[in-house]
Each structure stands twice: as C-alpha cells, then as structure tokens.
Amino acid sequence: MLTLRAMRGLQRVPATFLPTLAMPIFQAVAFAGTYFAITKIPNFPTDRSINWFISLSGCMGGAFSGLGLGFAAIRDIENGFMDRLRMAPTPRAALLLGPLLSALARTFIVLSTVLVVGYFFGARPTQGLAGIAMFYLAGFGLAIVATGWGLGIAYRFRDMRGAALMQLTLFLVMFTSSAQAPMSMMQGWLLQVARVNPMTNILRLSRQGFLNPPVGGVSWENTWGGLLAIAVLGSLTICFAYRGLRKLER
Amino acid sequence: MTTSVLSAPQQHKTRDGLRQTYALSKRSTLEIFRQPALIAPSLIFPLFFAALGASSFGRTVGKVDGLKDVSSFLEFSLASTIAQGVLFGSTTGGTALATDIQNGFMDRLLASPSTRVGILIGRLAGGSVFGALQSIFFIIALYPFGVRIQGGIIAVLIMVLSGALIAMSLGGFMTAMALKTGSPEAVQGAFPLIFISLFFSSAFFPRESMSGAYKTIADYNPLSYLVEGLRVLTLQGLTTQSMAQALLIPVAIGVGSFALSLRQLSNRLAQL
C-alpha cells in the first residue's frame, strides 16, 4: 500500500520526480560533451565519452530516486501523515519496505530512460545484456543505500534542513570517487580518497558493461567489490533508518 | 563659468535618486553578508570543483587540444571557478528580493517615492559587490597552489571588475524571475537553467577539444567567450581582446537582463 501510494505520488505531483529524472540525463549529456577529449588520453578504457559517463548518471539516478523518498518522508512528517501511519497497526518494517520498493520502481524508470537517451547520444554497451544487467544492479543497489540514508536523516531532522544534508553527502561521496576520470588518470589527493571510497567499486560494477577490456568486461573481479560495498552500505543505512524510525516513535 | 544643464528641481530629484539608490545598495550588500550560511556554498563549492577537476583531469594538460600550452589545470580552472562562484552567488540576491516581495517590504518600497531604477540597481548592487569579493577570494585561495595571473595586477583588477559585472548581469535574470513569481523557491528553481548554460560552454574544458553539436552550442554560447577572456588574462596576459571579452560580454548580457527586470517591475506595478 505504501509503495502504491508513493508511485501514485509520481503521477499526481510529477514535479517532485522530474528533477530526479532530468538530472542524470543532463549529467550524462553535459559531461560526455564537455569532457569528450579525455577519451583521447592513452589507455582510456573507451573511445566514447558517453560510455564512461552513463554509469555515473545511472548511479546518480538510483541514488536520487532513493533520496526522493527521504524528501517525501520529511513532507509526511511535516504534514502529520507519518503520525497517523505510526498510530496504525502497521508493522514497522513495512514503513521502510514500502519506500524501498518505491525507490526501486523509480530507479527502474530513471535507469531505463538514461539508457535510451544515452543510446541516442552514442552510448553502446560492449558486453551485451550481462553488462546492462550490471548497470541496473549498481543503480538498484545505490537506490537501497540512498533510501536508507534519506529516511534515516529524515527521521532524525524532521524538516527540510535534512534534505540539504542528504544531497550534500551524496554529492561528496559520489564525486570523490572515480566518477569523472579513471583511477589511472587521477593524481594527488583525489587518488588517495577514491581508492578507499566504496563508490569507486560501485561505479566499477556499473561500468563493466560499457568499457573495453581489460578495464571493462563483465567479470567477478569487476563485480565483487561493488556488491560488497552495496551490501555493507545498504545494511548500515537501512539500520540507520530503522533506528531513526524508533527514535521518531519515542 | 559653466551653466548647469539641469534645473534646480531636477538636480534635487537626481540627488534624491542617487541617495535612495545608495541606501538600497547598502541594505542589499549588508543583507548578503549577514547570512554567512547562504554565501558559504558559493565560496566553497567552486573551490571543491576546482580541486576535483585538477586531480581528475590534471593529466590532460599538454595532451589535449586547448590544454597543450597550459602549465596547470588549476590555472586553467580559475576562470570557471570565478564564473561558477558568481553564478552560485547571483541567486542569493534574487531569493532575497522574492522574500521582500513575500513579506510585503517590496510593496512598501513601491509605495514610497523611490525611483524604480534605483530599486533595481540597489538590489543588484549587493550581488555585484559580493561578485567582486568572490573573485578576489578565489584568486587568493588558489594562489598557494601555484595559480598565477600572467596579466599582473591590471588583469586582477579586470577580473575583479568582471566578477562584479557578471554578478550584476546574471543577478538581473534572477531579479526578473523574483519579480515575476514573487517566490524564493521559483528563483532557486531557475538556478539550474543558468548552471546548464555554463556547462554548455567552454567553462570546464577547452572548446578546441569538443566536437559535434556540443561544440556548436559552446560556440554560440556567450559565456564561452566571457570565460575565455578571463582565462587568457590568467594564462597569457593582457590583450585588448581578452579585456573586451571579460568586460563587455557581461555588460551586454546585463543590458538584456536589466531591461527584462524593468519590464517585470512594470508588470508588477501594473498589477498593484
């Protein structure tokens, strides 16, 4: 019911979902156009800049789909709907599972749109359906992580101040990874940060279907790090959200 | 002995107009600096992106067209850092005006015998002063990391003046949006449109390295030439063309945005 409610919200107030949809598309097109020349650097793993940036957009889309549910939770807290939900004999897990499923449905729409628009702008998967599956897997994983993070912040801050914090942290984590350039191109402080940033692994998971071997190519080596990062971050953020919900009840 | 062109009442009117404009400019300038939480992102984020770009794309220096004669990516980024920071800051003035409209201060101002142009200039002046200070801040902040202005002190002064003019010209669009909608959220919502126009220019990477439709858009985007003017002042030194690009392009954009603001102000007055 909560998932259906969130999905109906997309139809009734599309303005709340449009930025989540438009931003990754804009990012893919703008980054691929602006930084087109980086593919000319020797050993760059693809000759199409859109192939490099489409995964960043997919991950960003997944993450913002999740955060969108955090914004919605803040609205529900502010207008009193959350209080009514908590009074209802609803299992507490459903209050997290509903938004989570909704985030996955939103992410599917965003990822599919990014793929179609990306194809139109020249993106070509190099590893067939398996590569596309990895692209979706990374996006869904980040949606789970971001939903947990967004809900956790929303339940603690309980007003729109939390929205800025959600976005800021996401941007910082996203861009201090291999978001813009491969590790082999990086230098200085960013290289050190990107090495330990789990987002680098998630991006590697997403990119393997769009890059040329040896960097690309669907393989366990390119997959396990991303899966582990999603599993650990997802568990932590969902726990964070659950504890936030319990605090809200107190 | 010189004869005054203006009659005594006209001179009074001009003096009053200037005094009102000064008072409103002072108010809008103080308003910006009283809200450090609002201005901090426009100082921090451009520096963060400059550091990010330098680390991500530093190895493209000397290898990519347009970056072959550049010694550091950070030096190349100074112009876009200024443009980006001023752009972030330009929303602050528009948002403040929308808040004035919402809380009724604008209605009281319009009911007073103050000049309409003075109201607009007064509002834009705060952003303009902040734009100039932002330029100084970015030049100083990047200096310890090896960023040098080849054009010397005159180039620095031109860049600071350009920062003020960019803030005024882009602030004009935000002012027009604030006057049209009277909503701070709408002004904030318009920000991505201007940010996109900066992205579809040569602000972040040289035009020579672009291709296809994207290059065509960047070729037609006046912001490309504005940023390139600032970039030449940083990387190569003073040239007449770079000075003209850095100063005249924001003036030209400003004439358009100011006219748009005046039109929106007239529309708002007609609704009262």
# chains A, B, ... in the order shown; residues from 1 in each chain; ligands from 1
>>> closest_atom_pairs(of="chain B", to="chain A", cutoff="8 Å", atoms="only C-alpha atoms", output="tab-separated table")
residue	atom	partner	partner_atom	distance
B:Leu52	CA	A:Leu190	CA	7.0
B:Ser55	CA	A:Gln187	CA	5.1
B:Ser56	CA	A:Met186	CA	4.8
B:Phe57	CA	A:Met186	CA	6.9
B:Gly58	CA	A:Gln187	CA	7.1
B:Arg59	CA	A:Met185	CA	6.2
B:Thr60	CA	A:Ile38	CA	6.9
B:Lys63	CA	A:Ile41	CA	7.3
B:Val64	CA	A:Ala37	CA	6.6
B:Phe199	CA	A:Ala30	CA	6.6
B:Phe200	CA	A:Ala30	CA	6.8
B:Ser202	CA	A:Thr34	CA	7.6
B:Phe204	CA	A:Thr34	CA	7.0
B:Phe205	CA	A:Thr34	CA	6.1
B:Ser209	CA	A:Ala37	CA	5.4
B:Met210	CA	A:Phe36	CA	6.1
B:Ser211	CA	A:Gly33	CA	7.6
B:Tyr214	CA	A:Gly33	CA	5.7
B:Lys215	CA	A:Gly33	CA	7.9
>>> closest_atom_pairs(of="segment 24-90 of chain B", to="segment 140-163 of chain B", cutoff="7 Å", atoms="only C-alpha atoms", output="JSON lines")
{"residue": "B:Leu74", "atom": "CA", "partner": "B:Val147", "partner_atom": "CA", "distance": 6.7}
{"residue": "B:Glu75", "atom": "CA", "partner": "B:Val147", "partner_atom": "CA", "distance": 5.0}
{"residue": "B:Ile82", "atom": "CA", "partner": "B:Gly163", "partner_atom": "CA", "distance": 7.0}
{"residue": "B:Val86", "atom": "CA", "partner": "B:Gly163", "partner_atom": "CA", "distance": 6.7}
>>> residues_around(residues="Asn212 of chain A", least_positions_apart="4", cutoff="10 Å", atoms="only C-alpha atoms", output="ChimeraX atom specification")
/A:44-47,51,125-127,207-208,216-217
>>> write_last_selection(atoms="N, CA and C atoms", output="PDB file, in the first residue's frame")
ATOM      1  N   PHE A  44      42.787   5.042 -22.214  1.00  0.00           N
ATOM      2  CA  PHE A  44      41.446   5.322 -21.671  1.00  0.00           C
ATOM      3  C   PHE A  44      40.552   4.152 -22.071  1.00  0.00           C
ATOM      4  N   PRO A  45      39.748   3.642 -21.116  1.00  0.00           N
ATOM      5  CA  PRO A  45      39.068   2.361 -21.376  1.00  0.00           C
ATOM      6  C   PRO A  45      37.914   2.380 -22.371  1.00  0.00           C
ATOM      7  N   THR A  46      37.619   3.499 -22.977  1.00  0.00           N
ATOM      8  CA  THR A  46      36.595   3.520 -24.030  1.00  0.00           C
ATOM      9  C   THR A  46      36.877   4.685 -24.969  1.00  0.00           C
ATOM     10  N   ASP A  47      36.413   4.575 -26.205  1.00  0.00           N
ATOM     11  CA  ASP A  47      36.603   5.704 -27.128  1.00  0.00           C
ATOM     12  C   ASP A  47      35.336   6.557 -27.209  1.00  0.00           C
ATOM     13  N   ASN A  51      29.976   6.524 -22.948  1.00  0.00           N
ATOM     14  CA  ASN A  51      30.081   5.199 -22.314  1.00  0.00           C
ATOM     15  C   ASN A  51      30.695   5.301 -20.919  1.00  0.00           C
ATOM     16  N   PRO A 125      26.615  -0.458 -25.286  1.00  0.00           N
ATOM     17  CA  PRO A 125      27.142  -1.473 -24.368  1.00  0.00           C
ATOM     18  C   PRO A 125      28.151  -2.358 -25.095  1.00  0.00           C
ATOM     19  N   THR A 126      29.218  -2.717 -24.392  1.00  0.00           N
ATOM     20  CA  THR A 126      30.250  -3.550 -25.026  1.00  0.00           C
ATOM     21  C   THR A 126      30.126  -5.015 -24.611  1.00  0.00           C
ATOM     22  N   GLN A 127      29.263  -5.297 -23.617  1.00  0.00           N
ATOM     23  CA  GLN A 127      29.190  -6.659 -23.082  1.00  0.00           C
ATOM     24  C   GLN A 127      27.771  -7.236 -23.129  1.00  0.00           C
ATOM     25  N   ARG A 207      30.063   0.102 -14.601  1.00  0.00           N
ATOM     26  CA  ARG A 207      30.728   0.445 -15.864  1.00  0.00           C
ATOM     27  C   ARG A 207      31.200  -0.744 -16.679  1.00  0.00           C
ATOM     28  N   GLN A 208      31.265  -1.911 -16.045  1.00  0.00           N
ATOM     29  CA  GLN A 208      31.932  -3.022 -16.740  1.00  0.00           C
ATOM     30  C   GLN A 208      31.278  -3.390 -18.065  1.00  0.00           C
ATOM     31  N   GLY A 216      37.205  -2.913 -18.653  1.00  0.00           N
ATOM     32  CA  GLY A 216      35.805  -3.313 -18.707  1.00  0.00           C
ATOM     33  C   GLY A 216      35.686  -4.829 -18.844  1.00  0.00           C
ATOM     34  N   GLY A 217      34.479  -5.245 -19.221  1.00  0.00           N
ATOM     35  CA  GLY A 217      34.239  -6.685 -19.368  1.00  0.00           C
ATOM     36  C   GLY A 217      33.620  -7.235 -18.110  1.00  0.00           C
TER      37      GLY A 217
END
>>> closest_residue(among="A:Ile132, A:Leu170, A:Leu151, A:Ile202", to="Arg246 of chain A", atoms="only C-alpha atoms")
A:Leu151
>>> residues_around(residues="segment 91-105 of chain A", least_positions_apart="4", cutoff="9 Å", atoms="only C-alpha atoms", output="MDAnalysis selection string")
chainID A and resid 1:7 62 65:70 73 85:86 109:110 139:141 143:144 147:148 151 238 241:242 245:246
>>> closest_residue(among="A:Ala22, A:Ile74, A:Ala146, A:Met87", to="Val114 of chain A", atoms="only C-alpha atoms")
A:Ala22
>>> residues_around(residues="segment 240-252 of chain B", least_positions_apart="5", cutoff="7 Å", atoms="only C-alpha atoms", output="list in words")
Ser162, Leu165, Ile166, Ser169, Tyr225, Leu226, Gly229, Leu230, Val232 and Leu233 of chain B
>>> select_by_dssp(residues="segment 106-164 of chain A", states="alpha helix (DSSP H)", output="NGL selection string")
:A and (106-120 or 128-157 or 161-164)
>>> closest_residue(among="B:Ile139, B:Leu269, B:Leu30, B:Ala83", to="Asp107 of chain B", atoms="only C-alpha atoms")
B:Leu269
>>> atom_distance(atom1="atom CA of Asn103 of chain B", atom2="atom CA of Leu165 of chain A")
27.3 Å
>>> atom_distance(atom1="atom CA of Arg27 of chain B", atom2="atom CA of Arg263 of chain B")
23.1 Å
>>> closest_residue(among="B:Leu193, B:Val129, B:Leu235, B:Leu265", to="Ser72 of chain B", atoms="only C-alpha atoms")
B:Leu235
>>> residues_around(residues="Ala167 of chain B", least_positions_apart="2", cutoff="8 Å", atoms="only C-alpha atoms", output="ChimeraX atom specification")
/B:86-87,89-90,124,127-128,130-131,163-165,169-171
>>> residues_around(residues="Ala176 of chain B", least_positions_apart="6", cutoff="9 Å", atoms="only C-alpha atoms", output="list in words")
Gly94, Ser257, Phe258, Leu260, Ser261, Leu262, Arg263, Gln264 and Leu265 of chain B
